[in-house]
Structure formats: C-alpha cells, structure tokens
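Notes for the one structure printed next.
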Amino acid sequence: MRRRRCAGSSISGKYKYEQEKREREARKHQHATKLKEIKIRLNIDPHDYETKVNHMRDFLGDGMKVKVTMMLRGRENAHPEYGNKMMQKIIENLVDCGRPEVMPKLMGRSITMMISPHRGAGKKAGEAKRNNEEDET
C-alpha cells in the first residue's frame, strides 16, 4: 500500500528546512561572551606576574572578560590592603586593553575583580586573524 502525500506537505517541509537553515546560520554569527579566570597569589614572583598580565592582555585582546582572583593564606589575611594594592597595579598595567567592570572586592579569603575589554577589541582581533588566514592562502 502506497502512502499518498498531500500537495501542500512538501512546501511546508521545504519551508521548515529553510527556516532551520537560517537559524543555524544565525547561530554561527553569534558570539557568546567568554570568561577567563586568572588566579594569583600575593607574593607572586615578578616574572610570573608579567606572564599572568600578558595572558590577561591576550584574553582581553580576543574580546574575552577576565576574572582575577587573588588567594590570601595565613597571615596574608591580616593585610588585605597589600592585595588591593596589587589589584590596582594590575588595573594600571591593563589600562590600554581593558577596564575594570567589577572593582576588587574582598570575599572571604580571596580578592576578586572582573576586567572587561574595551569596545570593539574582539572585532579587531577577529579581523586580524582573518587577514592572516587570507595572507597564508
């Protein structure tokens, strides 16, 4: 026994397919805000500090937000002002590529802050990557 199709069913199937195709294409162009977390300690070595700051610069350049968490242990908890001083130093070092979205806050045994990139930072990085890919081909 053969099934008969209605004349209108193929049109609705085609419409549904094209609609799903448009939705898939729209999802491709969406950019979810990504968050990277960097953990540091109060008595960090200068070279390690520079490495962490350079990683933050790269993330901000790619248009990602950076959450900086400073863990305090033992007697470091008695002097959170030193931690705030280091967080201010990080803000000063990253002033060219990002700005603090959430200022440093002491929460329990850690100081946390959020840095977001300047407007358009992710677009510039994406364009630069595309240009590099075009040059290679």
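Chain labels A, B, ... are given in the sequence in which chains occur in the structure tokens; within each chain residues are numbered consecutively from 1, and ligands are likewise numbered from 1 in the order shown.
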Inset, instruction - Determine which residues of stretch 41-106 of chain A DSSP labels as alpha helix (DSSP H) from the backbone of this structure, then write them out as an MDAnalysis selection string. - result: chainID A and resid 46:61 80:93
Selection near stretch 79-84 of chain A, 12 Å with only C-alpha atoms, sequence-local residues under 3 positions removed, as a PDB file with N, CA, C and O atoms, in the first residue's frame:
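out_31.pdb was written with the following content:
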```pdb
ATOM      1  N   ILE A  40      45.980  34.310  41.119  1.00  0.00           N
ATOM      2  CA  ILE A  40      47.321  34.736  41.529  1.00  0.00           C
ATOM      3  C   ILE A  40      47.414  34.696  43.045  1.00  0.00           C
ATOM      4  O   ILE A  40      46.405  34.564  43.735  1.00  0.00           O
ATOM      5  N   ARG A  41      48.627  34.830  43.534  1.00  0.00           N
ATOM      6  CA  ARG A  41      48.879  34.889  44.969  1.00  0.00           C
ATOM      7  C   ARG A  41      49.506  36.232  45.282  1.00  0.00           C
ATOM      8  O   ARG A  41      50.055  36.899  44.400  1.00  0.00           O
ATOM      9  N   LEU A  42      49.488  36.605  46.540  1.00  0.00           N
ATOM     10  CA  LEU A  42      50.009  37.904  46.950  1.00  0.00           C
ATOM     11  C   LEU A  42      51.517  38.007  46.736  1.00  0.00           C
ATOM     12  O   LEU A  42      52.012  38.991  46.190  1.00  0.00           O
ATOM     13  N   ASN A  43      52.266  36.976  47.125  1.00  0.00           N
ATOM     14  CA  ASN A  43      53.725  37.030  46.985  1.00  0.00           C
ATOM     15  C   ASN A  43      54.151  36.322  45.698  1.00  0.00           C
ATOM     16  O   ASN A  43      54.894  35.353  45.718  1.00  0.00           O
ATOM     17  N   ILE A  44      53.701  36.850  44.565  1.00  0.00           N
ATOM     18  CA  ILE A  44      53.991  36.259  43.267  1.00  0.00           C
ATOM     19  C   ILE A  44      55.336  36.788  42.768  1.00  0.00           C
ATOM     20  O   ILE A  44      55.684  37.953  43.007  1.00  0.00           O
ATOM     21  N   VAL A  68      39.950  38.067  37.815  1.00  0.00           N
ATOM     22  CA  VAL A  68      41.211  37.920  38.526  1.00  0.00           C
ATOM     23  C   VAL A  68      40.894  37.593  39.975  1.00  0.00           C
ATOM     24  O   VAL A  68      40.178  38.333  40.646  1.00  0.00           O
ATOM     25  N   THR A  69      41.425  36.465  40.452  1.00  0.00           N
ATOM     26  CA  THR A  69      41.195  36.025  41.820  1.00  0.00           C
ATOM     27  C   THR A  69      42.532  35.939  42.533  1.00  0.00           C
ATOM     28  O   THR A  69      43.437  35.259  42.059  1.00  0.00           O
ATOM     29  N   MET A  70      42.645  36.627  43.651  1.00  0.00           N
ATOM     30  CA  MET A  70      43.855  36.577  44.456  1.00  0.00           C
ATOM     31  C   MET A  70      43.537  35.829  45.738  1.00  0.00           C
ATOM     32  O   MET A  70      42.680  36.238  46.510  1.00  0.00           O
ATOM     33  N   MET A  71      44.224  34.717  45.941  1.00  0.00           N
ATOM     34  CA  MET A  71      44.020  33.905  47.134  1.00  0.00           C
ATOM     35  C   MET A  71      44.942  34.403  48.249  1.00  0.00           C
ATOM     36  O   MET A  71      46.129  34.590  48.018  1.00  0.00           O
ATOM     37  N   LEU A  72      44.384  34.607  49.417  1.00  0.00           N
ATOM     38  CA  LEU A  72      45.172  35.008  50.587  1.00  0.00           C
ATOM     39  C   LEU A  72      45.222  33.838  51.550  1.00  0.00           C
ATOM     40  O   LEU A  72      44.217  33.194  51.815  1.00  0.00           O
ATOM     41  N   ARG A  73      46.429  33.579  52.082  1.00  0.00           N
ATOM     42  CA  ARG A  73      46.582  32.464  53.022  1.00  0.00           C
ATOM     43  C   ARG A  73      47.284  32.941  54.283  1.00  0.00           C
ATOM     44  O   ARG A  73      48.141  33.832  54.235  1.00  0.00           O
ATOM     45  N   GLY A  74      46.915  32.350  55.392  1.00  0.00           N
ATOM     46  CA  GLY A  74      47.600  32.599  56.665  1.00  0.00           C
ATOM     47  C   GLY A  74      47.611  34.060  57.070  1.00  0.00           C
ATOM     48  O   GLY A  74      46.576  34.713  57.151  1.00  0.00           O
ATOM     49  N   ARG A  75      48.808  34.579  57.297  1.00  0.00           N
ATOM     50  CA  ARG A  75      48.941  35.966  57.750  1.00  0.00           C
ATOM     51  C   ARG A  75      48.596  36.983  56.676  1.00  0.00           C
ATOM     52  O   ARG A  75      48.398  38.162  56.980  1.00  0.00           O
ATOM     53  N   GLU A  76      48.547  36.548  55.431  1.00  0.00           N
ATOM     54  CA  GLU A  76      48.170  37.461  54.347  1.00  0.00           C
ATOM     55  C   GLU A  76      46.751  37.985  54.568  1.00  0.00           C
ATOM     56  O   GLU A  76      46.420  39.095  54.149  1.00  0.00           O
ATOM     57  N   MET A  87      46.086  44.508  43.103  1.00  0.00           N
ATOM     58  CA  MET A  87      44.988  44.565  42.134  1.00  0.00           C
ATOM     59  C   MET A  87      44.986  45.910  41.393  1.00  0.00           C
ATOM     60  O   MET A  87      44.740  45.953  40.190  1.00  0.00           O
ATOM     61  N   GLN A  88      45.264  46.996  42.106  1.00  0.00           N
ATOM     62  CA  GLN A  88      45.354  48.311  41.461  1.00  0.00           C
ATOM     63  C   GLN A  88      46.505  48.329  40.456  1.00  0.00           C
ATOM     64  O   GLN A  88      46.399  48.936  39.390  1.00  0.00           O
ATOM     65  N   LYS A  89      47.603  47.656  40.792  1.00  0.00           N
ATOM     66  CA  LYS A  89      48.744  47.566  39.881  1.00  0.00           C
ATOM     67  C   LYS A  89      48.348  46.829  38.604  1.00  0.00           C
ATOM     68  O   LYS A  89      48.727  47.231  37.504  1.00  0.00           O
ATOM     69  N   ILE A  90      47.555  45.773  38.745  1.00  0.00           N
ATOM     70  CA  ILE A  90      47.077  45.024  37.578  1.00  0.00           C
ATOM     71  C   ILE A  90      46.201  45.924  36.706  1.00  0.00           C
ATOM     72  O   ILE A  90      46.336  45.943  35.475  1.00  0.00           O
ATOM     73  N   ILE A  91      45.307  46.688  37.345  1.00  0.00           N
ATOM     74  CA  ILE A  91      44.430  47.602  36.596  1.00  0.00           C
ATOM     75  C   ILE A  91      45.266  48.608  35.821  1.00  0.00           C
ATOM     76  O   ILE A  91      45.003  48.894  34.647  1.00  0.00           O
ATOM     77  N   MET A 103      35.098  46.269  40.519  1.00  0.00           N
ATOM     78  CA  MET A 103      36.307  46.652  41.241  1.00  0.00           C
ATOM     79  C   MET A 103      36.674  45.558  42.246  1.00  0.00           C
ATOM     80  O   MET A 103      35.829  44.757  42.634  1.00  0.00           O
ATOM     81  N   PRO A 104      37.952  45.525  42.685  1.00  0.00           N
ATOM     82  CA  PRO A 104      38.387  44.471  43.618  1.00  0.00           C
ATOM     83  C   PRO A 104      37.562  44.459  44.901  1.00  0.00           C
ATOM     84  O   PRO A 104      37.322  45.503  45.513  1.00  0.00           O
ATOM     85  N   LYS A 105      37.108  43.260  45.270  1.00  0.00           N
ATOM     86  CA  LYS A 105      36.307  43.079  46.490  1.00  0.00           C
ATOM     87  C   LYS A 105      36.877  41.933  47.291  1.00  0.00           C
ATOM     88  O   LYS A 105      37.219  40.892  46.733  1.00  0.00           O
ATOM     89  N   LEU A 106      36.944  42.105  48.605  1.00  0.00           N
ATOM     90  CA  LEU A 106      37.398  41.039  49.488  1.00  0.00           C
ATOM     91  C   LEU A 106      36.200  40.154  49.797  1.00  0.00           C
ATOM     92  O   LEU A 106      35.196  40.614  50.330  1.00  0.00           O
ATOM     93  N   MET A 107      36.316  38.884  49.429  1.00  0.00           N
ATOM     94  CA  MET A 107      35.245  37.925  49.696  1.00  0.00           C
ATOM     95  C   MET A 107      35.874  36.733  50.405  1.00  0.00           C
ATOM     96  O   MET A 107      36.506  35.895  49.767  1.00  0.00           O
ATOM     97  N   GLY A 108      35.716  36.700  51.706  1.00  0.00           N
ATOM     98  CA  GLY A 108      36.308  35.601  52.477  1.00  0.00           C
ATOM     99  C   GLY A 108      37.820  35.678  52.458  1.00  0.00           C
ATOM    100  O   GLY A 108      38.407  36.649  52.907  1.00  0.00           O
ATOM    101  N   ARG A 109      38.446  34.655  51.899  1.00  0.00           N
ATOM    102  CA  ARG A 109      39.907  34.623  51.848  1.00  0.00           C
ATOM    103  C   ARG A 109      40.457  34.977  50.476  1.00  0.00           C
ATOM    104  O   ARG A 109      41.611  34.685  50.173  1.00  0.00           O
ATOM    105  N   SER A 110      39.644  35.580  49.632  1.00  0.00           N
ATOM    106  CA  SER A 110      40.120  35.950  48.304  1.00  0.00           C
ATOM    107  C   SER A 110      39.620  37.339  47.911  1.00  0.00           C
ATOM    108  O   SER A 110      38.591  37.804  48.385  1.00  0.00           O
ATOM    109  N   ILE A 111      40.380  37.973  47.047  1.00  0.00           N
ATOM    110  CA  ILE A 111      40.004  39.269  46.479  1.00  0.00           C
ATOM    111  C   ILE A 111      39.712  39.006  45.006  1.00  0.00           C
ATOM    112  O   ILE A 111      40.524  38.394  44.305  1.00  0.00           O
ATOM    113  N   THR A 112      38.558  39.454  44.553  1.00  0.00           N
ATOM    114  CA  THR A 112      38.123  39.168  43.195  1.00  0.00           C
ATOM    115  C   THR A 112      37.782  40.450  42.465  1.00  0.00           C
ATOM    116  O   THR A 112      37.213  41.375  43.051  1.00  0.00           O
ATOM    117  N   MET A 113      38.132  40.506  41.175  1.00  0.00           N
ATOM    118  CA  MET A 113      37.701  41.617  40.322  1.00  0.00           C
ATOM    119  C   MET A 113      37.483  41.101  38.911  1.00  0.00           C
ATOM    120  O   MET A 113      37.977  40.034  38.544  1.00  0.00           O
TER     121      MET A 113
END
```
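Restricting the calculation to only C-alpha atoms, the smallest distance between A:His118 and any of A:Met86, A:Lys28, A:Gly61, A:Asn77 is found for A:Gly61.
Between A:Phe59 and the residues A:Pro46, A:Pro117, A:Asp96, A:Ala78, the shortest atom-to-atom distance, using only C-alpha atoms, involves A:Pro117.
The nearest approach to A:Val66 among the residues A:Glu18, A:Glu101, A:Glu37, A:Glu23, with only C-alpha atoms taken into account, belongs to A:Glu37.
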Inset, instruction - Work out how far atom CA of A:Met64 is from atom CA of A:Glu25, in Å to one decimal. - result: 22.6 Å
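Nearest to A:Glu50 of all the residues A:Gly98, A:Ser116, A:Arg27, A:Asn93 is A:Asn93, counting only C-alpha atoms.
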Inset, instruction - Could you please write out, as a VMD selection string, every residue of stretch 35-113 of chain A that DSSP assigns to strand (DSSP E)? - result: chain A and resid 35 to 41 65 to 71 98 to 107 110 to 113
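Each of A:Cys97, A:Ala26, A:Ser12, A:Lys85 was checked against A:Asp58 using only C-alpha atoms; the smallest atom-to-atom distance is that of A:Cys97.
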